[in-house]
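Visitor: Structure file structure-v2.cif, mmCIF, C-alpha atoms, is pasted below:
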data_data
#
loop_
_atom_site.label_atom_id
_atom_site.label_comp_id
_atom_site.auth_asym_id
_atom_site.auth_seq_id
_atom_site.Cartn_x
_atom_site.Cartn_y
_atom_site.Cartn_z
CA MET A 172 0.00 0.00 0.00
CA SER A 173 2.76 2.45 0.94
CA ASP A 174 4.55 1.40 -2.26
CA THR A 175 1.55 2.45 -4.31
CA PHE A 176 1.39 5.71 -2.41
CA ALA A 177 5.08 6.49 -3.00
CA PHE A 178 4.65 5.56 -6.67
CA VAL A 179 1.66 7.85 -7.10
CA VAL A 180 3.45 10.74 -5.41
CA GLY A 181 6.44 10.14 -7.70
CA THR A 182 4.25 10.67 -10.78
CA LEU A 183 2.89 14.01 -9.59
CA PRO A 184 5.55 16.20 -11.29
CA PHE A 185 4.65 14.65 -14.66
CA LEU A 186 0.95 15.24 -14.16
CA TRP A 187 1.56 18.80 -12.95
CA GLN A 188 2.50 20.09 -16.43
CA GLY A 189 -0.61 18.43 -17.83
CA LEU A 190 -2.78 19.97 -15.14
CA LEU A 191 -1.42 23.42 -16.00
CA MET A 192 -2.26 22.85 -19.68
CA THR A 193 -5.79 21.74 -18.76
CA LEU A 194 -6.27 24.86 -16.63
CA PHE A 195 -4.80 27.09 -19.36
CA VAL A 196 -7.06 25.66 -22.06
CA SER A 197 -10.12 25.85 -19.81
CA LEU A 198 -9.36 29.44 -18.84
CA ILE A 199 -8.91 30.66 -22.43
CA VAL A 200 -12.06 28.86 -23.57
CA VAL A 201 -14.15 30.06 -20.65
CA ILE A 202 -13.14 33.72 -21.06
CA CYS A 203 -13.51 33.82 -24.86
CA SER A 204 -16.79 31.93 -24.86
CA LEU A 205 -18.16 34.18 -22.11
CA LEU A 206 -17.45 37.37 -24.08
CA LEU A 207 -18.66 35.98 -27.41
CA GLY A 208 -21.59 34.18 -25.79
CA LEU A 209 -22.86 37.38 -24.17
CA LEU A 210 -22.79 39.13 -27.55
CA VAL A 211 -24.63 36.20 -29.14
CA GLY A 212 -27.17 36.19 -26.31
CA VAL A 213 -27.87 39.92 -26.73
CA ALA A 214 -28.22 39.41 -30.48
CA PHE A 215 -30.68 36.53 -29.97
CA ALA A 216 -32.72 38.54 -27.48
CA TYR A 217 -32.93 41.84 -29.40
CA ALA A 218 -32.00 41.56 -33.08
CA SER A 219 -34.74 40.62 -35.53
CA TRP A 220 -34.87 36.93 -36.44
CA TRP A 221 -33.69 37.27 -40.04
CA LEU A 222 -30.57 39.14 -38.86
CA THR A 223 -29.68 36.40 -36.40
CA LEU A 224 -30.58 33.55 -38.74
CA PRO A 225 -26.94 32.61 -39.54
CA LEU A 226 -26.08 32.80 -35.82
CA ARG A 227 -29.10 30.67 -34.97
CA ALA A 228 -28.09 28.08 -37.58
CA ALA A 229 -24.48 28.01 -36.35
CA SER A 230 -25.61 27.70 -32.73
CA ASP A 231 -27.99 24.82 -33.49
CA ILE A 232 -25.41 22.99 -35.59
CA LEU A 233 -22.76 23.32 -32.88
CA ARG A 234 -25.14 22.18 -30.14
CA GLY A 235 -26.47 19.30 -32.21
CA THR A 236 -23.09 17.79 -33.07
CA PRO A 237 -20.87 15.85 -30.65
CA LEU A 238 -17.96 17.92 -29.37
CA LEU A 239 -15.48 15.34 -30.65
CA VAL A 240 -16.91 15.64 -34.17
CA VAL A 241 -16.82 19.45 -33.96
CA ILE A 242 -13.14 19.25 -33.00
CA PHE A 243 -12.19 16.83 -35.76
CA SER A 244 -14.24 18.72 -38.34
CA ILE A 245 -12.58 22.02 -37.53
CA TYR A 246 -9.17 20.38 -37.27
CA TYR A 247 -9.44 18.79 -40.73
CA LEU A 248 -11.68 21.26 -42.56
CA LEU A 249 -9.76 24.46 -41.71
CA PRO A 250 -6.75 23.58 -43.91
CA PHE A 251 -9.22 22.91 -46.72
CA VAL A 252 -10.48 26.51 -46.61
CA GLY A 253 -6.94 27.85 -46.33
CA PHE A 254 -6.15 28.06 -42.60
CA ASN A 255 -3.39 25.84 -41.33
CA LEU A 256 -3.63 25.75 -37.56
CA GLN A 257 -1.56 23.84 -35.04
CA PRO A 258 -3.52 21.37 -32.86
CA LEU A 259 -3.65 23.69 -29.84
CA PRO A 260 -5.14 26.77 -31.57
CA ALA A 261 -7.45 24.60 -33.66
CA PHE A 262 -8.76 22.94 -30.50
CA LEU A 263 -9.11 26.29 -28.70
CA LEU A 264 -11.14 27.57 -31.65
CA ALA A 265 -13.34 24.47 -31.73
CA LEU A 266 -14.07 24.36 -28.00
CA THR A 267 -14.59 28.14 -27.84
CA LEU A 268 -17.14 28.03 -30.67
CA PHE A 269 -18.87 25.04 -29.06
CA LYS A 270 -19.07 26.73 -25.66
CA THR A 271 -20.10 30.07 -27.20
CA ALA A 272 -23.21 28.38 -28.60
CA HIS A 273 -24.12 27.13 -25.12
CA VAL A 274 -23.29 30.38 -23.31
CA GLY A 275 -25.30 32.28 -25.93
CA GLU A 276 -28.40 30.22 -25.11
CA ILE A 277 -27.93 30.73 -21.37
CA ALA A 278 -27.49 34.49 -21.87
CA ARG A 279 -30.55 34.70 -24.13
CA GLY A 280 -32.66 32.88 -21.56
CA ALA A 281 -31.43 35.11 -18.74
CA ILE A 282 -32.08 38.33 -20.69
CA GLN A 283 -35.54 37.24 -21.84
CA SER A 284 -36.51 36.31 -18.29
CA ILE A 285 -36.46 39.99 -17.32
CA ALA A 286 -39.95 41.51 -17.43
CA LYS A 287 -40.77 43.70 -20.42
CA GLY A 288 -41.76 46.52 -18.07
CA GLN A 289 -38.14 46.97 -17.05
CA THR A 290 -37.16 47.82 -20.63
CA ASP A 291 -40.13 50.18 -20.95
CA ALA A 292 -39.20 51.90 -17.70
CA GLY A 293 -35.62 52.29 -18.94
CA LYS A 294 -36.88 53.84 -22.15
CA ALA A 295 -39.23 56.11 -20.23
CA ILE A 296 -36.42 57.69 -18.22
CA GLY A 297 -34.45 58.24 -21.43
CA LEU A 298 -31.74 55.55 -21.24
CA THR A 299 -30.09 54.55 -24.50
CA PHE A 300 -29.97 50.88 -25.51
CA PRO A 301 -26.43 50.23 -24.14
CA GLN A 302 -27.36 52.03 -20.91
CA ARG A 303 -30.52 49.98 -20.55
CA LEU A 304 -28.51 46.80 -20.97
CA LEU A 305 -25.80 47.87 -18.57
CA TYR A 306 -27.86 49.47 -15.80
CA VAL A 307 -31.24 47.75 -16.03
CA ILE A 308 -31.16 44.36 -17.75
CA PHE A 309 -27.74 42.88 -16.92
CA PRO A 310 -27.79 43.50 -13.15
CA GLN A 311 -31.11 41.64 -12.95
CA ALA A 312 -30.30 38.94 -15.47
CA VAL A 313 -27.01 37.99 -13.83
CA ARG A 314 -28.62 35.85 -11.14
CA ARG A 315 -30.37 33.80 -13.80
CA PHE A 316 -27.16 33.60 -15.78
CA LEU A 317 -24.57 32.63 -13.18
CA PRO A 318 -25.66 29.17 -11.96
CA PRO A 319 -26.12 27.57 -15.42
CA TRP A 320 -23.02 29.37 -16.66
CA ILE A 321 -20.88 27.86 -13.91
CA ASN A 322 -22.26 24.45 -14.88
CA SER A 323 -21.15 25.17 -18.41
CA VAL A 324 -17.69 26.07 -17.05
CA THR A 325 -17.39 22.60 -15.51
CA ASP A 326 -18.41 21.23 -18.91
CA ALA A 327 -15.61 23.25 -20.49
CA VAL A 328 -13.07 21.79 -18.04
CA LYS A 329 -14.33 18.30 -18.82
CA GLY A 330 -14.42 19.02 -22.55
CA SER A 331 -10.81 20.22 -22.43
CA SER A 332 -9.81 16.57 -21.86
CA LEU A 333 -10.60 15.92 -25.55
CA ILE A 334 -7.52 17.95 -26.49
CA SER A 335 -5.52 14.84 -25.60
CA LEU A 336 -6.99 13.24 -28.74
CA VAL A 337 -5.27 15.78 -31.02
CA GLY A 338 -1.96 15.25 -29.25
CA VAL A 339 -1.67 18.20 -26.86
CA VAL A 340 -0.33 17.08 -23.46
CA ASP A 341 -3.03 18.05 -20.99
CA LEU A 342 -3.84 16.27 -17.73
CA MET A 343 -5.54 13.44 -19.63
CA LEU A 344 -2.64 12.77 -22.00
CA ALA A 345 -0.05 13.29 -19.25
CA ALA A 346 -1.81 10.59 -17.24
CA GLN A 347 -1.74 8.27 -20.24
CA GLN A 348 1.94 8.93 -20.86
CA VAL A 349 2.74 8.07 -17.25
CA ILE A 350 0.69 4.89 -17.62
CA GLY A 351 2.54 4.09 -20.84
CA ARG A 352 5.80 4.10 -18.88
CA THR A 353 4.65 2.44 -15.66
CA TYR A 354 1.82 0.07 -16.73
CA GLU A 355 -0.18 1.07 -13.64
CA PRO A 356 -3.46 2.34 -15.09
CA LEU A 357 -5.77 2.29 -12.09
CA PRO A 358 -3.92 4.51 -9.57
CA ILE A 359 -2.96 7.06 -12.22
CA TYR A 360 -6.45 7.31 -13.71
CA LEU A 361 -7.90 7.66 -10.22
CA LEU A 362 -5.39 10.38 -9.42
CA ALA A 363 -6.25 12.26 -12.62
CA ALA A 364 -9.95 11.78 -11.86
CA ALA A 365 -9.37 13.23 -8.38
CA MET A 366 -7.72 16.31 -9.92
CA TYR A 367 -10.60 16.91 -12.33
CA PHE A 368 -13.02 16.26 -9.49
CA VAL A 369 -11.43 18.87 -7.21
CA ILE A 370 -11.55 21.56 -9.91
CA ASN A 371 -15.14 20.83 -10.90
CA TYR A 372 -16.48 20.15 -7.43
CA CYS A 373 -15.26 23.57 -6.27
CA LEU A 374 -17.08 25.10 -9.23
CA SER A 375 -20.31 23.27 -8.53
CA VAL A 376 -20.18 24.24 -4.84
CA LEU A 377 -19.73 27.83 -5.99
CA SER A 378 -22.72 27.45 -8.29
CA ARG A 379 -24.90 26.13 -5.47
CA ARG A 380 -23.80 28.99 -3.17
CA LEU A 381 -24.75 31.53 -5.81
CA GLU A 382 -28.09 29.87 -6.39
CA ALA A 383 -28.79 29.96 -2.64
CA ARG A 384 -27.66 33.57 -2.45
CA TYR A 385 -30.14 34.67 -5.10
CA ALA A 386 -32.92 32.39 -3.89
CA TYR A 387 -34.47 35.10 -1.71
CA ILE A 388 -35.47 37.16 -4.73
CA ARG A 389 -39.03 36.42 -5.80
CA GLU A 390 -40.93 38.09 -8.52
CA MET B 94 -1.96 23.91 -53.37
CA GLU B 95 -5.17 22.69 -54.89
CA TYR B 96 -7.30 20.10 -53.17
CA TYR B 97 -9.91 18.19 -55.11
CA LEU B 98 -12.82 16.69 -53.25
CA ASN B 99 -13.24 13.01 -53.93
CA PHE B 100 -16.14 11.29 -52.28
CA ASN B 101 -15.69 8.02 -54.15
CA LEU B 102 -13.37 6.49 -51.60
CA VAL B 103 -15.68 7.50 -48.76
CA TRP B 104 -18.61 6.05 -50.65
CA ARG B 105 -16.78 2.76 -51.16
CA HIS B 106 -16.34 2.38 -47.39
CA SER B 107 -19.67 3.95 -46.44
CA ALA B 108 -20.89 0.67 -44.90
CA ARG B 109 -18.64 1.49 -41.96
CA LEU B 110 -20.54 4.74 -41.48
CA TRP B 111 -24.02 3.20 -41.71
CA TRP B 112 -23.22 0.32 -39.38
CA GLY B 113 -21.37 2.75 -37.15
CA LEU B 114 -24.42 4.99 -36.98
CA ALA B 115 -26.64 2.01 -36.17
CA LEU B 116 -24.24 0.95 -33.41
CA SER B 117 -24.16 4.51 -32.02
CA ILE B 118 -27.94 4.54 -31.70
CA GLU B 119 -27.90 1.03 -30.22
CA LEU B 120 -25.25 1.98 -27.64
CA ALA B 121 -27.26 5.04 -26.61
CA ALA B 122 -30.49 3.01 -26.40
CA ILE B 123 -29.02 0.22 -24.24
CA SER B 124 -27.24 2.72 -22.03
CA ILE B 125 -30.32 4.80 -21.39
CA LEU B 126 -32.33 1.67 -20.50
CA ILE B 127 -29.74 0.51 -17.95
CA GLY B 128 -29.21 4.12 -16.89
CA CYS B 129 -32.95 4.49 -16.20
CA VAL B 130 -32.92 1.41 -13.97
CA ILE B 131 -29.88 2.70 -12.06
CA GLY B 132 -31.25 6.23 -11.91
CA PHE B 133 -34.72 5.27 -10.71
CA ALA B 134 -33.43 2.78 -8.12
CA LEU B 135 -31.01 5.34 -6.71
CA ALA B 136 -33.65 8.09 -6.74
CA VAL B 137 -35.90 5.85 -4.61
CA VAL B 138 -32.94 5.05 -2.32
CA TYR B 139 -32.18 8.75 -2.06
CA GLY B 140 -35.76 9.47 -1.04
CA GLY B 141 -35.55 6.76 1.67
CA LYS B 142 -34.67 7.15 5.31
CA SER B 143 -31.06 5.96 5.39
CA VAL B 144 -28.60 8.86 5.62
CA ILE B 145 -25.61 6.66 4.72
CA LEU B 146 -27.24 5.41 1.52
CA ARG B 147 -28.15 8.97 0.62
CA LYS B 148 -24.53 10.05 1.08
CA LEU B 149 -23.35 7.15 -1.10
CA VAL B 150 -25.74 8.11 -3.89
CA THR B 151 -24.56 11.72 -3.67
CA ALA B 152 -20.92 10.59 -3.83
CA TYR B 153 -21.59 8.51 -6.95
CA VAL B 154 -23.48 11.31 -8.68
CA GLU B 155 -20.91 13.96 -7.82
CA PHE B 156 -17.99 11.77 -8.89
CA VAL B 157 -19.46 10.90 -12.28
CA ARG B 158 -20.67 14.42 -12.99
CA ASN B 159 -17.39 16.12 -12.17
CA VAL B 160 -15.01 13.86 -14.09
CA PRO B 161 -14.65 13.93 -17.91
CA LEU B 162 -16.50 11.09 -19.66
CA LEU B 163 -13.30 10.35 -21.60
CA LEU B 164 -11.50 9.63 -18.34
CA LEU B 165 -14.35 7.42 -17.12
CA ILE B 166 -14.14 5.43 -20.37
CA TYR B 167 -10.40 4.86 -19.93
CA LEU B 168 -10.85 4.12 -16.23
CA VAL B 169 -13.40 1.39 -16.85
CA PHE B 170 -11.71 -0.09 -19.93
CA TYR B 171 -8.04 -0.02 -18.88
CA GLY B 172 -7.97 0.80 -15.17
CA ILE B 173 -10.41 -1.59 -13.53
CA PRO B 174 -9.48 -4.79 -15.47
CA SER B 175 -5.77 -4.17 -14.78
CA ALA B 176 -6.42 -4.24 -11.05
CA GLY B 177 -8.91 -7.11 -11.13
CA GLY B 178 -6.92 -9.31 -13.49
CA PHE B 179 -9.74 -9.80 -16.01
CA ALA B 180 -10.70 -8.30 -19.35
CA TYR B 181 -13.84 -7.48 -21.26
CA GLY B 182 -14.63 -6.31 -24.75
CA ALA B 183 -14.51 -2.62 -25.67
CA THR B 184 -18.21 -2.49 -26.48
CA GLU B 185 -19.31 -4.07 -23.19
CA SER B 186 -16.94 -1.78 -21.30
CA PHE B 187 -18.30 1.28 -23.08
CA VAL B 188 -21.93 0.31 -22.46
CA ALA B 189 -21.11 -0.15 -18.77
CA THR B 190 -19.43 3.27 -18.64
CA LEU B 191 -22.18 5.09 -20.50
CA SER B 192 -24.86 3.40 -18.38
CA LEU B 193 -23.16 4.47 -15.16
CA TYR B 194 -22.74 7.95 -16.62
CA ALA B 195 -26.39 8.12 -17.69
CA GLY B 196 -27.47 6.74 -14.31
CA ALA B 197 -25.75 9.57 -12.46
CA TYR B 198 -27.55 12.18 -14.53
CA LEU B 199 -30.90 10.40 -14.44
CA VAL B 200 -30.89 10.14 -10.62
CA GLU B 201 -31.44 13.90 -10.55
CA VAL B 202 -34.14 13.69 -13.21
CA PHE B 203 -36.06 10.94 -11.40
CA ARG B 204 -35.61 12.60 -8.03
CA ALA B 205 -37.11 15.83 -9.34
CA GLY B 206 -39.86 13.77 -11.04
CA LEU B 207 -40.77 11.94 -7.84
CA ASP B 208 -40.82 15.23 -5.94
CA ALA B 209 -43.13 16.71 -8.56
CA VAL B 210 -45.85 14.09 -8.01
CA PRO B 211 -48.72 16.10 -6.47
CA LYS B 212 -49.12 15.71 -2.72
CA GLY B 213 -52.81 14.94 -3.20
CA ALA B 214 -52.04 11.90 -5.34
CA ARG B 215 -49.59 10.57 -2.75
CA ASP B 216 -52.08 11.10 0.07
CA ALA B 217 -54.84 9.43 -1.96
CA ALA B 218 -52.60 6.39 -2.54
CA LYS B 219 -51.99 6.17 1.20
CA ALA B 220 -55.67 6.70 1.99
CA ILE B 221 -56.84 3.73 -0.09
CA GLY B 222 -54.43 1.54 1.87
CA LEU B 223 -51.69 0.80 -0.66
CA THR B 224 -48.42 -0.51 0.74
CA PRO B 225 -45.37 1.75 0.28
CA TRP B 226 -44.34 -0.39 -2.74
CA GLY B 227 -47.89 -0.26 -4.10
CA GLN B 228 -47.88 3.53 -3.76
CA LEU B 229 -44.62 3.65 -5.68
CA ALA B 230 -45.59 1.16 -8.40
CA HIS B 231 -49.19 2.20 -9.05
CA VAL B 232 -49.27 5.91 -8.24
CA ARG B 233 -45.94 7.69 -7.97
CA PHE B 234 -44.14 5.86 -10.79
CA PRO B 235 -46.79 6.33 -13.54
CA ILE B 236 -47.31 9.99 -12.68
CA MET B 237 -43.55 10.60 -12.50
CA LEU B 238 -43.01 8.91 -15.86
CA ARG B 239 -45.13 11.50 -17.64
CA ILE B 240 -43.27 14.32 -15.91
CA VAL B 241 -39.80 13.05 -16.81
CA LEU B 242 -40.47 11.94 -20.41
CA PRO B 243 -39.14 15.14 -22.04
CA SER B 244 -35.99 14.97 -19.87
CA LEU B 245 -35.49 11.34 -20.90
CA SER B 246 -35.68 12.30 -24.57
CA ASN B 247 -33.08 15.00 -24.04
CA ALA B 248 -30.87 12.57 -22.15
CA PHE B 249 -31.13 10.10 -25.02
CA ILE B 250 -30.03 12.69 -27.61
CA SER B 251 -27.20 13.72 -25.36
CA LEU B 252 -26.08 10.10 -24.90
CA PHE B 253 -26.29 9.56 -28.65
CA LYS B 254 -23.78 12.37 -29.09
CA ASP B 255 -21.60 11.02 -26.28
CA THR B 256 -21.25 7.67 -28.06
CA SER B 257 -18.75 9.42 -30.36
CA LEU B 258 -16.25 9.05 -27.51
CA ALA B 259 -16.43 5.25 -27.82
CA SER B 260 -14.10 5.61 -30.80
CA VAL B 261 -11.15 6.13 -28.42
CA ILE B 262 -11.35 2.50 -27.28
CA ALA B 263 -12.02 1.22 -30.82
CA VAL B 264 -15.75 0.53 -30.53
CA PRO B 265 -16.76 0.51 -34.22
CA GLU B 266 -19.37 3.26 -34.01
CA LEU B 267 -19.79 6.26 -36.33
CA THR B 268 -16.80 8.36 -35.26
CA TYR B 269 -14.59 5.28 -35.29
CA GLY B 270 -15.77 4.46 -38.81
CA ALA B 271 -14.97 8.03 -39.85
CA ASN B 272 -11.49 7.80 -38.33
CA TRP B 273 -10.94 4.45 -40.03
CA ILE B 274 -11.82 5.86 -43.44
CA LYS B 275 -9.70 8.94 -42.79
CA THR B 276 -6.67 6.82 -41.84
CA ASN B 277 -7.02 4.37 -44.70
CA THR B 278 -7.98 6.68 -47.57
CA PHE B 279 -6.59 10.06 -46.39
CA ARG B 280 -9.92 11.62 -47.33
CA ALA B 281 -10.24 13.51 -44.02
CA VAL B 282 -12.07 16.54 -45.42
CA GLU B 283 -14.73 14.50 -47.21
CA VAL B 284 -15.33 12.16 -44.28
CA TRP B 285 -15.86 14.93 -41.74
CA MET B 286 -18.04 16.83 -44.20
CA ILE B 287 -20.34 13.81 -44.15
CA VAL B 288 -20.14 12.68 -40.54
CA GLY B 289 -20.94 16.03 -38.89
CA PRO B 290 -24.26 16.46 -40.77
CA LEU B 291 -24.98 12.76 -40.23
CA TYR B 292 -24.91 13.22 -36.45
CA LEU B 293 -26.91 16.43 -36.73
CA VAL B 294 -29.66 15.00 -38.92
CA THR B 295 -29.92 11.74 -36.96
CA GLY B 296 -30.10 13.64 -33.69
CA TYR B 297 -32.83 15.84 -35.09
CA VAL B 298 -34.84 12.90 -36.45
CA ILE B 299 -34.57 11.12 -33.08
CA LEU B 300 -35.69 14.29 -31.32
CA VAL B 301 -38.78 14.70 -33.51
CA ALA B 302 -39.63 10.99 -33.16
CA LEU B 303 -39.32 11.08 -29.38
CA ARG B 304 -41.41 14.27 -29.10
CA GLY B 305 -44.11 12.50 -31.11
CA LEU B 306 -43.86 9.46 -28.88
CA GLU B 307 -44.22 11.66 -25.77
CA GLN B 308 -47.40 13.18 -27.20
CA LEU B 309 -48.81 9.72 -27.95
CA LEU B 310 -48.03 8.37 -24.48
CA ILE B 311 -49.44 11.39 -22.70
CA ARG B 312 -52.62 11.46 -24.80
CA ASP B 313 -53.11 7.73 -24.26
CA ARG B 314 -52.95 8.19 -20.50
CA ARG B 315 -55.41 11.03 -20.40
CA ARG B 316 -58.15 9.23 -22.28
#
What would the structure in this file look like if it were written as structure tokens?

Guide:
Amino acid sequence: MSDTFAFVVGTLPFLWQGLLMTLFVSLIVVICSLLLGLLVGVAFAYASWWLTLPLRAASDILRGTPLLVVIFSIYYLLPFVGFNLQPLPAFLLALTLFKTAHVGEIARGAIQSIAKGQTDAGKAIGLTFPQRLLYVIFPQAVRRFLPPWINSVTDAVKGSSLISLVGVVDLMLAAQQVIGRTYEPLPIYLLAAAMYFVINYCLSVLSRRLEARYAYIRE
Amino acid sequence: MEYYLNFNLVWRHSARLWWGLALSIELAAISILIGCVIGFALAVVYGGKSVILRKLVTAYVEFVRNVPLLLLIYLVFYGIPSAGGFAYGATESFVATLSLYAGAYLVEVFRAGLDAVPKGARDAAKAIGLTPWGQLAHVRFPIMLRIVLPSLSNAFISLFKDTSLASVIAVPELTYGANWIKTNTFRAVEVWMIVGPLYLVTGYVILVALRGLEQLLIRDRRR
């Protein structure tokens, strides 16, 4: 038993680099998809339907296709239309687009949940459209937005493990490389699982806290 | 550099895609059936009196939900047999993984469904003298089923998409077929041009079919 423990501790430095890559990929994807997703959500909520038709199509296609297929498609189809991307940027692009579609839906739902009267009141006191968004809609919509968004962040962390399939050494691939050298799959996979669990469990606890914090508001 | 599309080679091997697609649907269907059994059983356990059992269910759900499915697939296929000194086929291993995965998500669905059964119906079941099992089997379960049907359809679509991950342990489903054709014919662009829409269209057809089925079941019950 202590042998296994010493062995597992000995592999930690190798997994550490992978963990950093997983966190890096997740962070980039989460930030980019948040910014783009908010724009998409505002467009869905306010622009007329024929203006957002291409966005709507892209969003439905991305949400209706498995993430793995989205990644491979983008990875292999981009060179065809003239962009040659390395695996890492190609993956970042694929996962960001995929998450943007989901964040866009969450943002649209949150914005549309705010009563119409709020917009009318904002207009009545002479606020411009950006001001209405910033001072009236967003502060109210944020409590509807945050809990599902944090869930989508845990999905992004989990989805980042697919980068191992295009050859970037993240936590998943680092674990497999260690297993390739040591032939001890179970302890290493469990260790990697524990690392993913800690990251995501903290996020889901945060999500539950936020939900509880906003639970007192009733309309 | 010019690239000329050539679908002939993909067409020649298209049987791998059709059989792969059929296997994908089959994997999702078997997994959701087993997942429903796991999910419903654990939801009933969770609603019971035992605090320890409730904690165990929570631990299972939290573990599965917070770890990437890819890692779970590797863990079940490579990790567990290595420690136990046995082996099983990739397909069986994947079905086991996806069922456990589906079960963890469906516990929440069934729990919410059981909670949503009106209090009046539960009291009525008690009042006519049904045993606790009778209340569950004849009153709470049928009412819950109608409440959770849409969630089950969504879960099925989602599982159908998740079967693409089975390709990493060489289960010959759709994504694996696509990878096979790509590796053997180098027609990567053509293959992924076909496979993406294939998933999309199939998912959509399944969704429409299941929505229709929901309507039928609900109407039948109300007659």

Visitor: Report as an NGL selection string the set of chain B residues whose atoms approach chain A to within 8 Å, with distances computed over all atoms listed in the file.

Guide: :B and (96 or 155-156 or 159-164 or 167-168 or 171-173 or 175-176 or 254-255 or 257-258 or 268 or 281-282 or 285-286 or 288-290 or 292-293 or 296-297)

Visitor: Once the PyMOL selection byres ((chain A and resi 226) around 12) has been applied to the shown file, what residues remain in the selection, as JSON, numbers by chain?

Guide: {"A": [207, 208, 210, 211, 212, 213, 214, 215, 218, 219, 220, 221, 222, 223, 224, 225, 227, 228, 229, 230, 231, 232, 233, 268, 271, 272, 275, 276]}

Visitor: Selected by the PyMOL selection byres ((chain A and resi 202-205) around 12) in the shown coordinates: which residues, as a ChimeraX atom specification?

Guide: /A:195-201,206-212,263-278,316-317,320-321,323-324,327

Visitor: Taking (-32.8, 11.0, -19.1) in the coordinates of the supplied file, I want to know which residues reach to within 10 Å of it, counting all atoms listed in the file; could you give the answer as a ChimeraX atom specification?

Guide: /B:125-126,128-129,132,195-203,241-252

Visitor: When you draw a straight line from atom CA of Met237 of chain B to atom CA of Ser284 of chain A, how long is it in Å?

Guide: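 These two atoms are separated by 27.3 Å.
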
Visitor: If the PyMOL selection byres ((chain B and resi 219-234) around 12) is run on the structure shown, which residues does it catch, given as an NGL selection string?

Guide: :B and (133-134 or 136-137 or 140-141 or 203-204 or 206-218 or 235-242)

Visitor: For the atom pair atom CA of Leu191 of chain A and atom CA of Phe254 of chain A, what is the interatomic distance in Å to one decimal place?

Guide: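 About the pair atom CA of Leu191 of chain A and atom CA of Phe254 of chain A: they are 27.4 Å apart.
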
Visitor: Rounded to one decimal in Å, what is the spacing between atom CA of Gln188 of chain A and atom CA of Leu362 of chain A?

Guide: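 Atom-to-atom, atom CA of Gln188 of chain A and atom CA of Leu362 of chain A are spaced 14.3 Å apart.
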
Visitor: Determine the nearest neighbour of Leu98 of chain B from the options B:Val284, B:Val294, B:Thr276, B:Ile299, counting only C-alpha atoms.

Guide: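 Using only C-alpha atoms, the shortest distance to Leu98 of chain B belongs to B:Val284.
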
Visitor: Determine, counting all atoms listed in the file, which protein, DNA and RNA residues have an atom within 10 Å of an atom of Trp104 of chain B; residues of the same chain fewer than 5 positions away are not included. Present the result as a list in words.

Guide: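 That gives Asn99, Arg109, Leu110, Ile274, Glu283 and Val284 of chain B.
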
Visitor: Please list as a PDB file with C-alpha atoms, in the frame of the given file every residue within 10 Å of Thr278 of chain B, counting all atoms listed in the file and excluding residues in the same chain fewer than 5 positions away.

Guide:
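Listed below is the output, out.pdb:
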ATOM      1  CA  LEU B 102     -13.370   6.490 -51.600  1.00  0.00           C
ATOM      2  CA  VAL B 103     -15.680   7.500 -48.760  1.00  0.00           C
ATOM      3  CA  HIS B 106     -16.340   2.380 -47.390  1.00  0.00           C
ATOM      4  CA  ASN B 272     -11.490   7.800 -38.330  1.00  0.00           C
ATOM      5  CA  TRP B 273     -10.940   4.450 -40.030  1.00  0.00           C
ATOM      6  CA  VAL B 284     -15.330  12.160 -44.280  1.00  0.00           C
TER       7      VAL B 284
END
